[in-house]
$ cat final-v5.pdb   # PDB, C-alpha atoms
MODEL        1
ATOM      1  CA  MET A  15      -2.925 -64.642  39.283  1.00  0.00           C
ATOM      2  CA  PRO A  16      -0.291 -61.892  39.242  1.00  0.00           C
ATOM      3  CA  ALA A  17      -1.264 -58.657  37.603  1.00  0.00           C
ATOM      4  CA  GLN A  18      -0.017 -58.269  34.076  1.00  0.00           C
ATOM      5  CA  ARG A  19       2.392 -55.471  33.428  1.00  0.00           C
ATOM      6  CA  VAL A  20       1.183 -53.183  30.673  1.00  0.00           C
ATOM      7  CA  GLU A  21       4.038 -51.757  28.650  1.00  0.00           C
ATOM      8  CA  PRO A  22       3.644 -48.128  27.571  1.00  0.00           C
ATOM      9  CA  ASP A  23       2.605 -47.695  23.975  1.00  0.00           C
ATOM     10  CA  LEU A  24       5.853 -46.296  22.651  1.00  0.00           C
ATOM     11  CA  PRO A  25       6.910 -46.427  19.028  1.00  0.00           C
ATOM     12  CA  GLY A  26       9.540 -49.063  18.476  1.00  0.00           C
ATOM     13  CA  PRO A  27      12.383 -49.014  15.979  1.00  0.00           C
ATOM     14  CA  ALA A  28      10.103 -50.297  13.210  1.00  0.00           C
ATOM     15  CA  ALA A  29       7.362 -47.761  13.850  1.00  0.00           C
ATOM     16  CA  GLU A  30       6.913 -45.066  11.253  1.00  0.00           C
ATOM     17  CA  ARG A  31       7.988 -41.678  12.511  1.00  0.00           C
ATOM     18  CA  GLN A  32       7.698 -38.718  10.211  1.00  0.00           C
ATOM     19  CA  SER A  33      10.811 -36.682   9.621  1.00  0.00           C
ATOM     20  CA  PRO A  34      10.502 -32.871   9.639  1.00  0.00           C
ATOM     21  CA  GLU A  35      10.868 -32.935   5.842  1.00  0.00           C
ATOM     22  CA  ARG A  36       8.034 -35.469   5.535  1.00  0.00           C
ATOM     23  CA  GLU A  37       5.813 -33.440   7.859  1.00  0.00           C
ATOM     24  CA  ASP A  38       6.527 -30.350   5.750  1.00  0.00           C
ATOM     25  CA  GLU A  39       5.567 -32.226   2.558  1.00  0.00           C
ATOM     26  CA  ASP A  40       2.320 -33.374   4.173  1.00  0.00           C
ATOM     27  CA  ASP A  41       1.567 -29.802   5.253  1.00  0.00           C
ATOM     28  CA  ILE A  42       2.163 -28.523   1.715  1.00  0.00           C
ATOM     29  CA  ALA A  43       0.015 -31.312   0.271  1.00  0.00           C
ATOM     30  CA  ALA A  44      -2.903 -30.493   2.587  1.00  0.00           C
ATOM     31  CA  THR A  45      -2.705 -26.751   1.866  1.00  0.00           C
ATOM     32  CA  VAL A  46      -2.423 -27.224  -1.894  1.00  0.00           C
ATOM     33  CA  GLY A  47      -5.298 -29.702  -1.885  1.00  0.00           C
ATOM     34  CA  ALA A  48      -7.646 -27.381  -0.013  1.00  0.00           C
ATOM     35  CA  ASN A  49      -6.817 -24.430  -2.275  1.00  0.00           C
ATOM     36  CA  LEU A  50      -7.184 -26.503  -5.437  1.00  0.00           C
ATOM     37  CA  ARG A  51     -10.669 -27.608  -4.394  1.00  0.00           C
ATOM     38  CA  ARG A  52     -11.621 -24.004  -3.650  1.00  0.00           C
ATOM     39  CA  LEU A  53     -10.221 -22.581  -6.891  1.00  0.00           C
ATOM     40  CA  ARG A  54     -11.714 -25.335  -9.023  1.00  0.00           C
ATOM     41  CA  ALA A  55     -15.127 -24.886  -7.403  1.00  0.00           C
ATOM     42  CA  HIS A  56     -14.882 -21.104  -7.852  1.00  0.00           C
ATOM     43  CA  GLN A  57     -14.465 -21.617 -11.609  1.00  0.00           C
ATOM     44  CA  ASN A  58     -17.157 -24.322 -11.673  1.00  0.00           C
ATOM     45  CA  LEU A  59     -14.843 -26.904 -13.213  1.00  0.00           C
ATOM     46  CA  SER A  60     -15.089 -30.655 -12.786  1.00  0.00           C
ATOM     47  CA  LEU A  61     -11.958 -32.751 -12.300  1.00  0.00           C
ATOM     48  CA  GLU A  62     -12.399 -34.025 -15.860  1.00  0.00           C
ATOM     49  CA  ALA A  63     -12.588 -30.500 -17.269  1.00  0.00           C
ATOM     50  CA  LEU A  64      -9.541 -29.352 -15.315  1.00  0.00           C
ATOM     51  CA  SER A  65      -7.669 -32.442 -16.439  1.00  0.00           C
ATOM     52  CA  ARG A  66      -8.356 -31.572 -20.093  1.00  0.00           C
ATOM     53  CA  LEU A  67      -7.267 -27.951 -19.592  1.00  0.00           C
ATOM     54  CA  SER A  68      -4.104 -28.716 -17.609  1.00  0.00           C
ATOM     55  CA  GLY A  69      -2.892 -31.974 -19.127  1.00  0.00           C
ATOM     56  CA  VAL A  70      -2.704 -33.443 -15.600  1.00  0.00           C
ATOM     57  CA  SER A  71      -4.535 -36.746 -15.189  1.00  0.00           C
ATOM     58  CA  ARG A  72      -7.823 -36.817 -13.291  1.00  0.00           C
ATOM     59  CA  GLY A  73      -6.308 -39.362 -10.905  1.00  0.00           C
ATOM     60  CA  MET A  74      -3.403 -37.073 -10.060  1.00  0.00           C
ATOM     61  CA  LEU A  75      -5.731 -34.097  -9.572  1.00  0.00           C
ATOM     62  CA  GLY A  76      -7.829 -36.201  -7.222  1.00  0.00           C
ATOM     63  CA  GLN A  77      -4.733 -37.210  -5.246  1.00  0.00           C
ATOM     64  CA  VAL A  78      -3.660 -33.570  -4.975  1.00  0.00           C
ATOM     65  CA  GLU A  79      -7.117 -32.375  -3.879  1.00  0.00           C
ATOM     66  CA  ALA A  80      -7.263 -35.115  -1.236  1.00  0.00           C
ATOM     67  CA  GLY A  81      -3.903 -33.976   0.154  1.00  0.00           C
ATOM     68  CA  LYS A  82      -2.390 -37.387  -0.577  1.00  0.00           C
ATOM     69  CA  SER A  83       0.261 -36.130  -2.971  1.00  0.00           C
ATOM     70  CA  ALA A  84       2.564 -33.109  -2.809  1.00  0.00           C
ATOM     71  CA  PRO A  85       2.758 -31.982  -6.457  1.00  0.00           C
ATOM     72  CA  THR A  86       5.980 -30.959  -8.154  1.00  0.00           C
ATOM     73  CA  ILE A  87       6.536 -27.440  -9.433  1.00  0.00           C
ATOM     74  CA  LYS A  88       5.827 -28.582 -12.996  1.00  0.00           C
ATOM     75  CA  ILE A  89       2.439 -30.058 -12.092  1.00  0.00           C
ATOM     76  CA  LEU A  90       1.498 -26.924 -10.145  1.00  0.00           C
ATOM     77  CA  TRP A  91       2.516 -24.779 -13.115  1.00  0.00           C
ATOM     78  CA  ARG A  92       0.210 -26.786 -15.370  1.00  0.00           C
ATOM     79  CA  ILE A  93      -2.723 -26.522 -12.973  1.00  0.00           C
ATOM     80  CA  ALA A  94      -2.081 -22.822 -12.333  1.00  0.00           C
ATOM     81  CA  GLY A  95      -1.960 -22.128 -16.063  1.00  0.00           C
ATOM     82  CA  ALA A  96      -5.257 -23.923 -16.607  1.00  0.00           C
ATOM     83  CA  LEU A  97      -6.907 -21.894 -13.838  1.00  0.00           C
ATOM     84  CA  SER A  98      -5.118 -18.631 -14.829  1.00  0.00           C
ATOM     85  CA  VAL A  99      -3.735 -18.132 -11.308  1.00  0.00           C
ATOM     86  CA  PRO A 100      -0.156 -17.883  -9.996  1.00  0.00           C
ATOM     87  CA  VAL A 101       1.425 -20.924  -8.349  1.00  0.00           C
ATOM     88  CA  SER A 102       1.383 -19.099  -5.010  1.00  0.00           C
ATOM     89  CA  ALA A 103      -2.431 -19.230  -5.091  1.00  0.00           C
ATOM     90  CA  PHE A 104      -2.179 -22.843  -3.945  1.00  0.00           C
ATOM     91  CA  LEU A 105       0.029 -22.160  -0.928  1.00  0.00           C
ATOM     92  CA  GLY A 106      -1.663 -19.342   1.019  1.00  0.00           C
ATOM     93  CA  ARG A 107      -3.904 -19.766   4.041  1.00  0.00           C
ATOM     94  CA  ASP A 108      -4.976 -16.873   6.255  1.00  0.00           C
ATOM     95  CA  ASP A 109      -4.643 -13.118   5.831  1.00  0.00           C
ATOM     96  CA  ALA A 110      -1.078 -11.920   6.141  1.00  0.00           C
ATOM     97  CA  PRO A 111      -0.051  -9.867   9.193  1.00  0.00           C
ATOM     98  CA  VAL A 112       1.295  -6.343   8.773  1.00  0.00           C
ATOM     99  CA  THR A 113       4.799  -7.530   9.643  1.00  0.00           C
ATOM    100  CA  ARG A 114       6.248 -10.998   9.478  1.00  0.00           C
ATOM    101  CA  VAL A 115       9.667 -12.651   9.695  1.00  0.00           C
ATOM    102  CA  LEU A 116      10.032 -15.510   7.212  1.00  0.00           C
ATOM    103  CA  ARG A 117      12.516 -17.976   8.679  1.00  0.00           C
ATOM    104  CA  PRO A 118      14.281 -20.369   6.263  1.00  0.00           C
ATOM    105  CA  ALA A 119      13.390 -23.302   8.506  1.00  0.00           C
ATOM    106  CA  ASP A 120       9.668 -22.482   8.194  1.00  0.00           C
ATOM    107  CA  ALA A 121       9.661 -22.032   4.418  1.00  0.00           C
ATOM    108  CA  LYS A 122       7.387 -24.118   2.219  1.00  0.00           C
ATOM    109  CA  LEU A 123       9.691 -25.226  -0.584  1.00  0.00           C
ATOM    110  CA  LEU A 124       8.531 -26.247  -4.035  1.00  0.00           C
ATOM    111  CA  LYS A 125      10.830 -28.702  -5.782  1.00  0.00           C
ATOM    112  CA  SER A 126      11.187 -30.268  -9.193  1.00  0.00           C
ATOM    113  CA  ARG A 127      10.711 -34.027  -9.447  1.00  0.00           C
ATOM    114  CA  ASP A 128      14.466 -34.654  -9.312  1.00  0.00           C
ATOM    115  CA  GLY A 129      14.970 -32.130  -6.492  1.00  0.00           C
ATOM    116  CA  LYS A 130      17.483 -30.072  -8.469  1.00  0.00           C
ATOM    117  CA  PHE A 131      15.277 -26.969  -8.766  1.00  0.00           C
ATOM    118  CA  ILE A 132      14.020 -25.457  -5.503  1.00  0.00           C
ATOM    119  CA  SER A 133      11.807 -22.396  -5.165  1.00  0.00           C
ATOM    120  CA  ARG A 134      11.278 -20.587  -1.866  1.00  0.00           C
ATOM    121  CA  ALA A 135       8.684 -17.835  -1.530  1.00  0.00           C
ATOM    122  CA  LEU A 136      10.122 -14.758   0.214  1.00  0.00           C
ATOM    123  CA  PHE A 137       6.721 -13.216   0.909  1.00  0.00           C
ATOM    124  CA  PRO A 138       3.630 -14.205   2.958  1.00  0.00           C
ATOM    125  CA  LEU A 139       1.558 -16.587   0.882  1.00  0.00           C
ATOM    126  CA  ASN A 140      -1.681 -14.704   1.383  1.00  0.00           C
ATOM    127  CA  GLY A 141      -3.182 -11.256   1.013  1.00  0.00           C
ATOM    128  CA  GLN A 142      -3.430  -9.022  -2.039  1.00  0.00           C
ATOM    129  CA  ARG A 143      -0.353  -8.299  -4.157  1.00  0.00           C
ATOM    130  CA  LYS A 144       0.937  -7.460  -7.625  1.00  0.00           C
ATOM    131  CA  VAL A 145       4.498  -8.638  -6.990  1.00  0.00           C
ATOM    132  CA  GLU A 146       5.993 -11.898  -5.702  1.00  0.00           C
ATOM    133  CA  PHE A 147       9.592 -12.504  -4.592  1.00  0.00           C
ATOM    134  CA  TYR A 148      11.337 -15.893  -4.765  1.00  0.00           C
ATOM    135  CA  GLU A 149      14.695 -17.489  -4.044  1.00  0.00           C
ATOM    136  CA  LEU A 150      15.683 -20.073  -6.654  1.00  0.00           C
ATOM    137  CA  ARG A 151      18.332 -22.741  -6.120  1.00  0.00           C
ATOM    138  CA  LEU A 152      19.555 -24.754  -9.082  1.00  0.00           C
ATOM    139  CA  GLU A 153      21.781 -27.746  -8.508  1.00  0.00           C
ATOM    140  CA  PRO A 154      24.553 -28.535 -11.042  1.00  0.00           C
ATOM    141  CA  TRP A 155      23.231 -29.444 -14.496  1.00  0.00           C
ATOM    142  CA  CYS A 156      19.675 -28.600 -13.463  1.00  0.00           C
ATOM    143  CA  VAL A 157      17.221 -27.974 -16.316  1.00  0.00           C
ATOM    144  CA  GLU A 158      13.726 -26.769 -15.378  1.00  0.00           C
ATOM    145  CA  HIS A 159      11.044 -26.133 -18.003  1.00  0.00           C
ATOM    146  CA  ALA A 160       8.485 -23.504 -16.963  1.00  0.00           C
ATOM    147  CA  LEU A 161       5.106 -23.203 -18.611  1.00  0.00           C
ATOM    148  CA  ALA A 162       3.678 -19.862 -19.690  1.00  0.00           C
ATOM    149  CA  HIS A 163       2.289 -17.739 -16.850  1.00  0.00           C
ATOM    150  CA  PRO A 164      -0.937 -15.699 -17.135  1.00  0.00           C
ATOM    151  CA  ALA A 165      -0.875 -12.971 -19.806  1.00  0.00           C
ATOM    152  CA  GLY A 166       1.099  -9.897 -18.802  1.00  0.00           C
ATOM    153  CA  THR A 167       3.209 -11.654 -16.155  1.00  0.00           C
ATOM    154  CA  THR A 168       6.821 -10.463 -16.002  1.00  0.00           C
ATOM    155  CA  GLU A 169       9.930 -11.911 -14.378  1.00  0.00           C
ATOM    156  CA  ASN A 170      12.955  -9.962 -13.174  1.00  0.00           C
ATOM    157  CA  LEU A 171      15.789 -12.207 -12.033  1.00  0.00           C
ATOM    158  CA  VAL A 172      19.215 -11.468 -10.557  1.00  0.00           C
ATOM    159  CA  VAL A 173      21.885 -14.140 -10.092  1.00  0.00           C
ATOM    160  CA  SER A 174      23.548 -14.195  -6.683  1.00  0.00           C
ATOM    161  CA  THR A 175      25.828 -17.225  -7.039  1.00  0.00           C
ATOM    162  CA  GLY A 176      26.963 -19.320  -9.971  1.00  0.00           C
ATOM    163  CA  VAL A 177      25.706 -19.212 -13.559  1.00  0.00           C
ATOM    164  CA  VAL A 178      22.115 -19.428 -14.793  1.00  0.00           C
ATOM    165  CA  GLU A 179      20.964 -19.736 -18.397  1.00  0.00           C
ATOM    166  CA  ILE A 180      17.426 -18.770 -19.380  1.00  0.00           C
ATOM    167  CA  ASP A 181      15.784 -19.793 -22.657  1.00  0.00           C
ATOM    168  CA  VAL A 182      12.909 -17.553 -23.730  1.00  0.00           C
ATOM    169  CA  GLY A 183      11.528 -16.724 -27.168  1.00  0.00           C
ATOM    170  CA  GLY A 184      13.985 -19.058 -28.861  1.00  0.00           C
ATOM    171  CA  ASP A 185      17.046 -17.269 -27.434  1.00  0.00           C
ATOM    172  CA  THR A 186      19.389 -18.293 -24.601  1.00  0.00           C
ATOM    173  CA  TYR A 187      20.680 -15.715 -22.105  1.00  0.00           C
ATOM    174  CA  ARG A 188      23.675 -16.604 -19.921  1.00  0.00           C
ATOM    175  CA  LEU A 189      23.789 -14.813 -16.568  1.00  0.00           C
ATOM    176  CA  SER A 190      26.670 -14.723 -14.089  1.00  0.00           C
ATOM    177  CA  ALA A 191      26.695 -13.504 -10.487  1.00  0.00           C
ATOM    178  CA  GLY A 192      25.439  -9.909 -10.391  1.00  0.00           C
ATOM    179  CA  ASP A 193      23.680 -10.059 -13.768  1.00  0.00           C
ATOM    180  CA  ALA A 194      19.971  -9.244 -13.902  1.00  0.00           C
ATOM    181  CA  PHE A 195      17.440 -10.236 -16.558  1.00  0.00           C
ATOM    182  CA  PHE A 196      13.891  -9.040 -17.257  1.00  0.00           C
ATOM    183  CA  PHE A 197      11.378 -10.704 -19.575  1.00  0.00           C
ATOM    184  CA  VAL A 198       7.684 -11.178 -20.229  1.00  0.00           C
ATOM    185  CA  ALA A 199       6.855 -14.632 -18.857  1.00  0.00           C
ATOM    186  CA  ASP A 200       3.529 -15.353 -20.563  1.00  0.00           C
ATOM    187  CA  ARG A 201       5.288 -17.889 -22.792  1.00  0.00           C
ATOM    188  CA  PRO A 202       7.237 -21.082 -21.996  1.00  0.00           C
ATOM    189  CA  HIS A 203      10.779 -20.596 -20.702  1.00  0.00           C
ATOM    190  CA  VAL A 204      13.627 -22.689 -19.325  1.00  0.00           C
ATOM    191  CA  TYR A 205      16.007 -22.228 -16.368  1.00  0.00           C
ATOM    192  CA  ARG A 206      19.348 -24.043 -16.602  1.00  0.00           C
ATOM    193  CA  ASN A 207      22.488 -24.355 -14.469  1.00  0.00           C
ATOM    194  CA  PRO A 208      25.333 -25.346 -16.817  1.00  0.00           C
ATOM    195  CA  GLY A 209      27.960 -25.305 -14.068  1.00  0.00           C
ATOM    196  CA  GLU A 210      29.359 -27.774 -11.563  1.00  0.00           C
ATOM    197  CA  SER A 211      28.258 -25.854  -8.455  1.00  0.00           C
ATOM    198  CA  GLN A 212      24.901 -24.720  -7.128  1.00  0.00           C
ATOM    199  CA  ALA A 213      23.470 -21.511  -8.575  1.00  0.00           C
ATOM    200  CA  VAL A 214      21.297 -19.144  -6.532  1.00  0.00           C
ATOM    201  CA  ALA A 215      19.081 -16.457  -8.025  1.00  0.00           C
ATOM    202  CA  TYR A 216      16.367 -14.107  -6.772  1.00  0.00           C
ATOM    203  CA  LEU A 217      13.231 -13.648  -8.817  1.00  0.00           C
ATOM    204  CA  VAL A 218      10.581 -10.922  -8.767  1.00  0.00           C
ATOM    205  CA  MET A 219       7.347 -11.812 -10.551  1.00  0.00           C
ATOM    206  CA  GLY A 220       4.991  -8.995 -11.519  1.00  0.00           C
ATOM    207  CA  TYR A 221       1.328  -9.295 -12.449  1.00  0.00           C
ATOM    208  CA  PRO A 222      -0.692  -6.805 -14.527  1.00  0.00           C
ATOM    209  CA  GLU A 223      -3.376  -6.696 -11.832  1.00  0.00           C
ATOM    210  CA  SER A 224      -3.426  -7.347  -8.104  1.00  0.00           C
ATOM    211  CA  VAL A 225      -3.990 -11.002  -7.308  1.00  0.00           C
ATOM    212  CA  ARG A 226      -5.658 -12.443  -4.246  1.00  0.00           C
ATOM    213  CA  TYR A 227      -6.825 -16.041  -3.908  1.00  0.00           C
TER     214      TYR A 227
ENDMDL
END
$ encode --input "final-v5.pdb" --output "structure tokens"
Amino acid sequence: MPAQRVEPDLPGPAAERQSPEREDEDDIAATVGANLRRLRAHQNLSLEALSRLSGVSRGMLGQVEAGKSAPTIKILWRIAGALSVPVSAFLGRDDAPVTRVLRPADAKLLKSRDGKFISRALFPLNGQRKVEFYELRLEPWCVEHALAHPAGTTENLVVSTGVVEIDVGGDTYRLSAGDAFFFVADRPHVYRNPGESQAVAYLVMGYPESVRY
């Protein structure tokens, strides 16, 4: 009987192959899940208790902790508010080096559900700090509702490209390229792009005390 030829086990056209974007989402999901478990345990909260505090369902929290779901910015804001930590607390891993180049291709991006609001951290997501620096990209007609941050948190934003409107304290502030805006962010606020082209802004968040998670 002739020997059977064994074909190499190569993925065919129908095999699932993760795209770089999908791999990045899985990496974010795993990191967020591990940090959520740690932060929740540190505050001695059950999933049910955290669900009541955050307004996020227990099932969703379980999916996030298991690394099976990459949460949107809005969900992370709700969880962060319930735990009184910044959103970046869910993204850090090891201690930050003294120097580090943050390449755009390596960035961990947080997106809104519709993908029109994208936040990129411009600082190492670890170590002790009182200030955080972000790049925000708002697609045309984007509207992103932000929950209140921990008491004493401030935001200082400068628009690089396009037009950005910010609603805070019942007032709307319209910012064009070059305009800067400072406000206390421990209350709900809204970012909006009323234009037909992408808007880019840079945001500095300040905390009343050094944070490290």
$ resolve_selection --input "final-v5.pdb" --expression "the PyMOL selection byres ((chain A and resi 134) around 6)" --output "count of residues only"
5
$ closest_residue --input "final-v5.pdb" --among "A:Ser211, A:Ser71, A:Ser126, A:Ser98" --to "Gly166 of chain A" --atoms "only C-alpha atoms"
A:Ser98
$ residues_around --input "final-v5.pdb" --residues "Leu161 of chain A" --least-positions-apart "3" --cutoff "9 Å" --atoms "all atoms listed in the file" --output "number ranges by chain"
A: 88, 91-92, 95, 199-204
$ closest_residue --input "final-v5.pdb" --among "A:Glu179, A:Glu146, A:Glu169, A:Glu79" --to "Leu61 of chain A" --atoms "only C-alpha atoms"
A:Glu79
$ closest_residue --input "final-v5.pdb" --among "A:Asn170, A:Thr86, A:Asn58, A:Thr186" --to "Ala215 of chain A" --atoms "only C-alpha atoms"
A:Asn170
$ atom_distance --input "final-v5.pdb" --atom1 "atom CA of Arg151 of chain A" --atom2 "atom CA of Val172 of chain A"
12.1 Å
$ resolve_selection --input "final-v5.pdb" --expression "the PyMOL selection byres ((chain A and resi 97) around 12)" --output "PyMOL selection string"
chain A and resi 49-59+63-68+90-96+98-101+103-104+163-164+227
$ atom_distance --input "final-v5.pdb" --atom1 "atom CA of Ile132 of chain A" --atom2 "atom CA of Ala162 of chain A"
18.4 Å
$ atom_distance --input "final-v5.pdb" --atom1 "atom CA of Thr113 of chain A" --atom2 "atom CA of Val145 of chain A"
16.7 Å
